[in-house]
$ cat input_37.txt   # compact mmCIF, C-alpha atoms
# COMPACT_ATOMS: atom_id res chain seq x y z
CA ALA D 44 -3.33 10.05 -33.03
CA PRO D 45 -5.61 13.10 -32.74
CA ASP D 46 -4.26 16.31 -34.24
CA TRP D 47 -4.40 18.35 -31.04
CA SER D 48 -3.04 21.89 -31.19
CA GLY D 49 -3.68 22.69 -27.54
CA PRO D 50 -6.36 22.41 -24.87
CA ARG D 51 -9.87 21.69 -26.03
CA THR D 52 -12.96 19.67 -25.25
CA SER D 53 -13.94 16.65 -27.29
CA ALA D 54 -15.97 18.98 -29.53
CA GLY D 55 -13.02 21.31 -30.07
CA ALA D 56 -14.42 24.20 -28.01
CA GLN D 57 -12.80 25.92 -25.07
CA PRO D 58 -13.42 24.05 -21.79
CA ALA D 59 -16.53 25.04 -19.83
CA CYS D 60 -16.26 25.18 -16.07
CA HIS D 61 -18.57 23.49 -13.58
CA SER D 62 -18.85 24.43 -9.92
CA GLY D 63 -19.99 21.37 -8.04
CA ALA D 64 -23.08 20.15 -9.88
CA LEU D 65 -23.88 23.60 -11.32
CA ALA D 66 -22.78 24.49 -14.81
CA HIS D 67 -21.39 27.93 -15.61
CA PRO D 68 -21.44 28.05 -19.42
CA GLY D 69 -20.31 31.69 -19.69
CA SER D 70 -18.40 32.74 -22.77
CA PRO D 71 -15.45 30.90 -24.31
CA SER D 72 -12.12 31.52 -22.62
CA PRO D 73 -9.95 34.08 -24.42
CA VAL D 74 -6.96 32.89 -26.39
CA ASN D 75 -3.99 33.67 -24.19
CA PRO D 76 -0.57 34.90 -25.38
CA PRO D 77 2.50 32.66 -24.94
CA LEU D 78 3.70 32.08 -21.39
CA SER D 79 6.69 34.34 -21.90
CA ASP D 80 4.25 37.25 -22.30
CA HIS D 81 2.65 36.64 -18.91
CA PRO D 82 3.99 38.22 -15.74
CA PRO D 83 5.55 35.33 -13.77
CA ALA D 84 2.96 33.28 -11.92
CA ALA D 85 0.25 35.92 -12.32
CA MET D 86 -3.29 35.50 -13.59
CA ALA D 87 -5.22 38.78 -13.53
CA SER D 88 -8.68 39.00 -12.01
CA PRO D 89 -11.62 40.07 -14.23
CA SER D 90 -11.39 43.71 -15.31
CA THR D 91 -14.99 44.39 -14.24
CA GLN D 92 -13.83 44.91 -10.65
CA GLY D 93 -14.76 48.44 -9.59
CA GLU D 94 -13.24 50.79 -7.06
CA GLY D 95 -14.23 49.92 -3.51
CA GLU D 96 -15.92 46.65 -4.47
CA SER D 97 -15.16 43.49 -2.53
CA PHE D 98 -13.95 40.58 -4.64
CA ASP D 99 -16.43 37.70 -4.87
CA ALA D 100 -14.37 34.58 -5.65
CA ALA D 101 -17.46 32.42 -6.15
CA GLN D 102 -18.76 34.81 -8.83
CA HIS D 103 -15.49 34.87 -10.79
CA ALA D 104 -14.15 31.35 -10.15
CA ALA D 105 -15.36 29.97 -13.49
CA ALA D 106 -13.92 32.83 -15.59
CA ILE D 107 -10.55 32.75 -13.83
CA GLY D 108 -10.41 28.95 -13.94
CA GLN D 109 -11.13 28.86 -17.67
CA LYS D 110 -8.52 31.51 -18.38
CA PHE D 111 -5.85 29.76 -16.35
CA VAL D 112 -6.53 26.29 -17.78
CA ALA D 113 -6.48 27.58 -21.37
CA ALA D 114 -3.12 29.30 -20.78
CA TYR D 115 -1.58 26.40 -18.83
CA TYR D 116 -2.33 23.60 -21.27
CA LYS D 117 -1.57 25.74 -24.30
CA GLY D 118 1.75 26.59 -22.67
CA ILE D 119 2.87 23.04 -21.87
CA PHE D 120 2.23 22.17 -25.52
CA ALA D 121 3.69 25.23 -27.26
CA GLU D 122 6.37 26.39 -24.77
CA PRO D 123 7.10 23.66 -22.22
CA GLN D 124 10.44 25.32 -21.38
CA ASN D 125 8.52 28.22 -19.79
CA GLN D 126 6.11 26.16 -17.69
CA HIS D 127 7.82 27.15 -14.43
CA ASN D 128 6.69 30.77 -14.91
CA PHE D 129 3.21 29.85 -13.73
CA TYR D 130 4.33 28.94 -10.21
CA GLN D 131 4.69 31.24 -7.22
CA ALA D 132 8.34 32.01 -6.48
CA GLU D 133 8.20 30.55 -2.97
CA ASP D 134 5.99 27.92 -1.38
CA SER D 135 4.64 26.49 -4.63
CA TYR D 136 4.35 22.71 -4.87
CA LEU D 137 4.47 20.38 -7.87
CA SER D 138 3.72 16.65 -7.71
CA HIS D 139 3.38 14.87 -11.06
CA ALA D 140 2.87 11.16 -11.66
CA GLY D 141 5.65 9.38 -13.51
CA ASP D 142 8.67 11.30 -12.16
CA ALA D 143 10.48 11.91 -8.88
CA SER D 144 8.00 14.57 -7.78
CA GLU D 145 5.28 11.93 -7.42
CA ALA D 146 6.80 10.63 -4.18
CA SER D 147 8.13 13.96 -2.91
CA ALA D 148 6.74 17.28 -4.15
CA VAL D 149 9.12 19.84 -5.63
CA VAL D 150 8.91 23.17 -3.78
CA GLY D 151 9.55 26.66 -5.17
CA ARG D 152 9.73 28.02 -8.73
CA ASP D 153 13.50 27.65 -9.09
CA ALA D 154 13.41 24.02 -7.95
CA ILE D 155 10.42 23.36 -10.23
CA GLN D 156 12.29 24.85 -13.18
CA ALA D 157 15.32 22.65 -12.46
CA HIS D 158 13.11 19.59 -12.08
CA LEU D 159 11.22 20.17 -15.33
CA SER D 160 14.43 20.97 -17.23
CA ALA D 161 15.92 17.63 -16.16
CA LEU D 162 13.06 15.70 -17.73
CA SER D 163 13.13 14.51 -21.32
CA PRO D 164 11.93 17.19 -23.78
CA ARG D 165 8.22 16.85 -24.43
CA GLN D 166 5.24 18.48 -26.03
CA ARG D 167 2.27 17.44 -23.94
CA ARG D 168 -1.04 17.44 -25.79
CA THR D 169 -4.20 17.66 -23.72
CA GLU D 170 -7.86 16.99 -24.40
CA ILE D 171 -10.05 18.30 -21.58
CA LYS D 172 -13.21 16.37 -20.73
CA GLU D 173 -14.26 18.26 -17.60
CA LEU D 174 -13.19 21.32 -15.64
CA VAL D 175 -14.52 21.92 -12.13
CA CYS D 176 -13.93 25.35 -10.52
CA GLN D 177 -14.62 25.93 -6.83
CA ALA D 178 -14.04 29.04 -4.74
CA ALA D 179 -12.02 28.60 -1.55
CA PRO D 180 -11.42 31.03 1.35
CA ALA D 181 -7.98 32.03 0.02
CA GLY D 182 -8.28 31.30 -3.69
CA ILE D 183 -9.74 28.92 -6.27
CA VAL D 184 -9.49 25.12 -6.58
CA LEU D 185 -9.54 23.62 -10.08
CA GLN D 186 -9.89 19.98 -11.06
CA VAL D 187 -9.29 18.95 -14.67
CA THR D 188 -9.94 15.52 -16.17
CA GLY D 189 -9.30 14.32 -19.69
CA TRP D 190 -6.57 12.74 -21.83
CA GLN D 191 -2.90 13.60 -22.21
CA GLN D 192 -0.28 12.41 -24.65
CA ASP D 193 3.44 13.11 -24.68
CA TRP D 194 5.51 13.02 -27.85
CA ASP D 195 6.39 9.32 -27.68
CA THR D 196 3.69 7.79 -25.45
CA ALA D 197 0.11 6.61 -25.84
CA ALA D 198 -2.69 8.87 -24.61
CA ARG D 199 -3.53 8.43 -20.92
CA LYS D 200 -6.54 9.45 -18.86
CA PHE D 201 -5.52 12.02 -16.24
CA CYS D 202 -6.79 14.06 -13.31
CA GLN D 203 -4.99 17.30 -12.39
CA THR D 204 -5.74 19.54 -9.43
CA PHE D 205 -4.61 23.17 -9.08
CA PHE D 206 -4.89 25.69 -6.28
CA LEU D 207 -4.70 29.33 -7.32
CA SER D 208 -3.91 31.57 -4.37
CA ARG D 209 -5.52 35.02 -4.30
CA GLN D 210 -3.07 37.89 -3.87
CA GLY D 211 -3.44 41.67 -3.52
CA SER D 212 -6.57 43.66 -2.70
CA GLY D 213 -9.05 46.10 -4.22
CA THR D 214 -8.48 46.49 -7.96
CA GLN D 215 -5.04 44.84 -7.73
CA ILE D 216 -6.20 41.27 -7.13
CA TYR D 217 -4.40 38.52 -9.00
CA PHE D 218 -3.85 34.77 -8.65
CA VAL D 219 -0.73 32.61 -8.48
CA LEU D 220 -0.35 28.87 -8.88
CA VAL D 221 0.59 27.33 -5.53
CA ASN D 222 -0.36 23.63 -5.81
CA ASP D 223 -0.20 21.37 -8.88
CA ILE D 224 -1.01 17.65 -8.53
CA LEU D 225 -1.16 15.39 -11.59
CA ARG D 226 -2.16 11.74 -11.51
CA TYR D 227 -3.01 9.24 -14.23
CA ILE D 228 -6.12 7.11 -13.92
CA LEU D 229 -5.34 3.41 -14.22
CA GLN D 230 -7.40 1.40 -16.68
CA ASP D 231 -6.75 -2.02 -15.11
CA GLU D 232 -9.58 -4.47 -14.65
CA PRO D 233 -10.80 -4.86 -11.03
CA THR D 234 -9.11 -7.71 -9.18
CA ALA D 235 -11.40 -10.64 -8.31
CA VAL D 236 -11.76 -11.43 -4.60
CA PRO D 237 -10.48 -14.98 -3.82
CA ALA D 238 -13.27 -17.41 -2.89
CA ALA D 239 -11.83 -18.02 0.59
CA GLU D 240 -11.83 -14.29 1.36
CA ALA D 241 -15.34 -13.92 -0.01
CA ASP D 242 -16.58 -16.75 2.26
CA ALA D 243 -14.85 -15.22 5.28
CA SER D 244 -16.47 -11.87 4.64
CA ALA D 245 -20.00 -13.32 4.49
CA SER D 246 -22.25 -11.87 7.18
CA PRO D 247 -23.54 -14.03 10.09
CA ALA D 248 -27.10 -13.32 8.94
CA ALA D 249 -26.37 -14.67 5.47
CA SER D 250 -24.73 -17.79 6.97
CA ALA D 251 -27.77 -18.36 9.19
CA VAL D 252 -30.11 -18.18 6.21
CA GLU D 253 -27.98 -20.66 4.25
CA GLU D 254 -27.90 -23.05 7.25
CA THR D 255 -31.68 -22.86 7.73
CA THR D 256 -32.30 -23.47 4.06
CA ALA D 257 -30.04 -26.52 4.06
CA THR D 258 -31.82 -27.98 7.13
CA ASP D 259 -35.25 -27.46 5.58
CA ALA D 260 -34.13 -29.22 2.42
CA VAL D 261 -32.97 -32.32 4.32
CA ALA D 262 -35.93 -32.55 6.73
CA PRO D 263 -38.52 -34.09 4.30
CA ALA D 264 -36.11 -36.86 3.27
CA GLU D 265 -35.45 -37.79 6.92
CA ALA D 266 -39.18 -37.79 7.71
CA GLU D 267 -39.88 -40.12 4.75
CA ALA D 268 -37.14 -42.52 5.89
CA GLU D 269 -38.62 -42.74 9.40
CA ALA D 270 -42.07 -43.48 7.95
$ encode --input "input_37.txt" --output "structure tokens"
Amino acid sequence: APDWSGPRTSAGAQPACHSGALAHPGSPSPVNPPLSDHPPAAMASPSTQGEGESFDAAQHAAAIGQKFVAAYYKGIFAEPQNQHNFYQAEDSYLSHAGDASEASAVVGRDAIQAHLSALSPRQRRTEIKELVCQAAPAGIVLQVTGWQQDWDTAARKFCQTFFLSRQGSGTQIYFVLVNDILRYILQDEPTAVPAAEADASASPAASAVEETTATDAVAPAEAEAEA
């Protein structure tokens, strides 16, 4: 198995963020301290914000997304017991594939902590293939794809979506994690369509062409017989 020590791209660098089809290379995300050193659920906005300036989420989405993703995936590997600190105290939602929250999201930081604590202990290693950051009216949407591996399972391809809600104003803007949806991408082969269903789904135009072709093929033989 790969010797992953935390979040990285396939080349080992910090994940770059893309906004739609536009790349935002920027600079590598900073190495974040352990989760226990972060204020609960808070991700600070860039320090370049000046007095009286309005906050442009589109301009800073990539930097904030990179910082959050680096801290989140490093945290679930190094300190999984503190993962709940990322979530907003109230009205935060977690829905992860493979446990009870997949069918019914867990709501609120305390409930999320209880839910995560009830799961088997794990150190989740993550290899990030792509990070997409997109500004939204009230925050930032992040979509992460790549591979994840728990302590005793094979690596699986995953897609995880986060919504970071913008809080505060002026120079006191920060972001909290409100939505967290994790799903694994199935690697099954596509199921073949039964022949009967395929015939039933054929278009009338295609059937007409087949019928005409069959008639044309028989016509010369009939004409020869009559002669």
$ atom_distance --input "input_37.txt" --atom1 "CA of Gln203 (chain D)" --atom2 "CA of Ile216 (chain D)"
24.6 Å
$ closest_residue --input "input_37.txt" --among "D:Leu220, D:Arg226, D:Thr188, D:Cys176" --to "Ala105 (chain D)" --atoms "only C-alpha atoms"
D:Cys176
$ atom_distance --input "input_37.txt" --atom1 "CA of Phe205 (chain D)" --atom2 "CA of Gln124 (chain D)"
19.6 Å
$ residues_around --input "input_37.txt" --residues "Tyr130 (chain D)" --least-positions-apart "4" --cutoff "7 Å" --atoms "all atoms listed in the file" --output "compact mmCIF listing (two decimals) with C-alpha atoms, keeping the file's coordinate frame"
# COMPACT_ATOMS: atom_id res chain seq x y z
CA ALA D 84 2.96 33.28 -11.92
CA SER D 135 4.64 26.49 -4.63
CA ARG D 152 9.73 28.02 -8.73
CA VAL D 219 -0.73 32.61 -8.48
CA LEU D 220 -0.35 28.87 -8.88
CA VAL D 221 0.59 27.33 -5.53
$ atom_distance --input "input_37.txt" --atom1 "CA of Phe218 (chain D)" --atom2 "CA of Lys110 (chain D)"
11.3 Å
$ residues_around --input "input_37.txt" --residues "Asp195 (chain D)" --least-positions-apart "3" --cutoff "10 Å" --atoms "all atoms listed in the file" --output "mmCIF file with C-alpha atoms, in the frame of the given file"
data_model
loop_
_atom_site.group_PDB
_atom_site.id
_atom_site.type_symbol
_atom_site.label_atom_id
_atom_site.label_comp_id
_atom_site.auth_asym_id
_atom_site.auth_seq_id
_atom_site.Cartn_x
_atom_site.Cartn_y
_atom_site.Cartn_z
ATOM 1 C CA ARG D 165 8.220 16.850 -24.430
ATOM 2 C CA GLN D 166 5.240 18.480 -26.030
ATOM 3 C CA ARG D 167 2.270 17.440 -23.940
ATOM 4 C CA GLN D 192 -0.280 12.410 -24.650
ATOM 5 C CA ALA D 198 -2.690 8.870 -24.610
#
$ closest_residue --input "input_37.txt" --among "D:Asp193, D:Gln177, D:Arg199, D:Arg209" --to "Gln102 (chain D)" --atoms "all atoms listed in the file"
D:Gln177
$ residues_near_point --input "input_37.txt" --point "(-3.7, 17.5, -23.6)" --cutoff "7 Å" --atoms "only C-alpha atoms" --output "JSON, numbers by chain"
{"D": [49, 50, 116, 167, 168, 169, 170, 171, 190, 191, 192]}
$ axis_aligned_box --input "input_37.txt" --around "region 178-183 of chain D" --padding-each-side "4 Å" --output "AutoDock Vina command-line options"
--center_x -11.0 --center_y 30.3 --center_z -2.5 --size_x 14.1 --size_y 11.4 --size_z 15.6
$ closest_residue --input "input_37.txt" --among "D:Ala100, D:Ala146, D:Ala161, D:Ile119" --to "Val184 (chain D)" --atoms "only C-alpha atoms"
D:Ala100
$ residues_near_point --input "input_37.txt" --point "(-5.7, 31.3, -2.1)" --cutoff "8 Å" --atoms "only C-alpha atoms" --output "ChimeraX atom specification"
/D:179-183,206-210,218
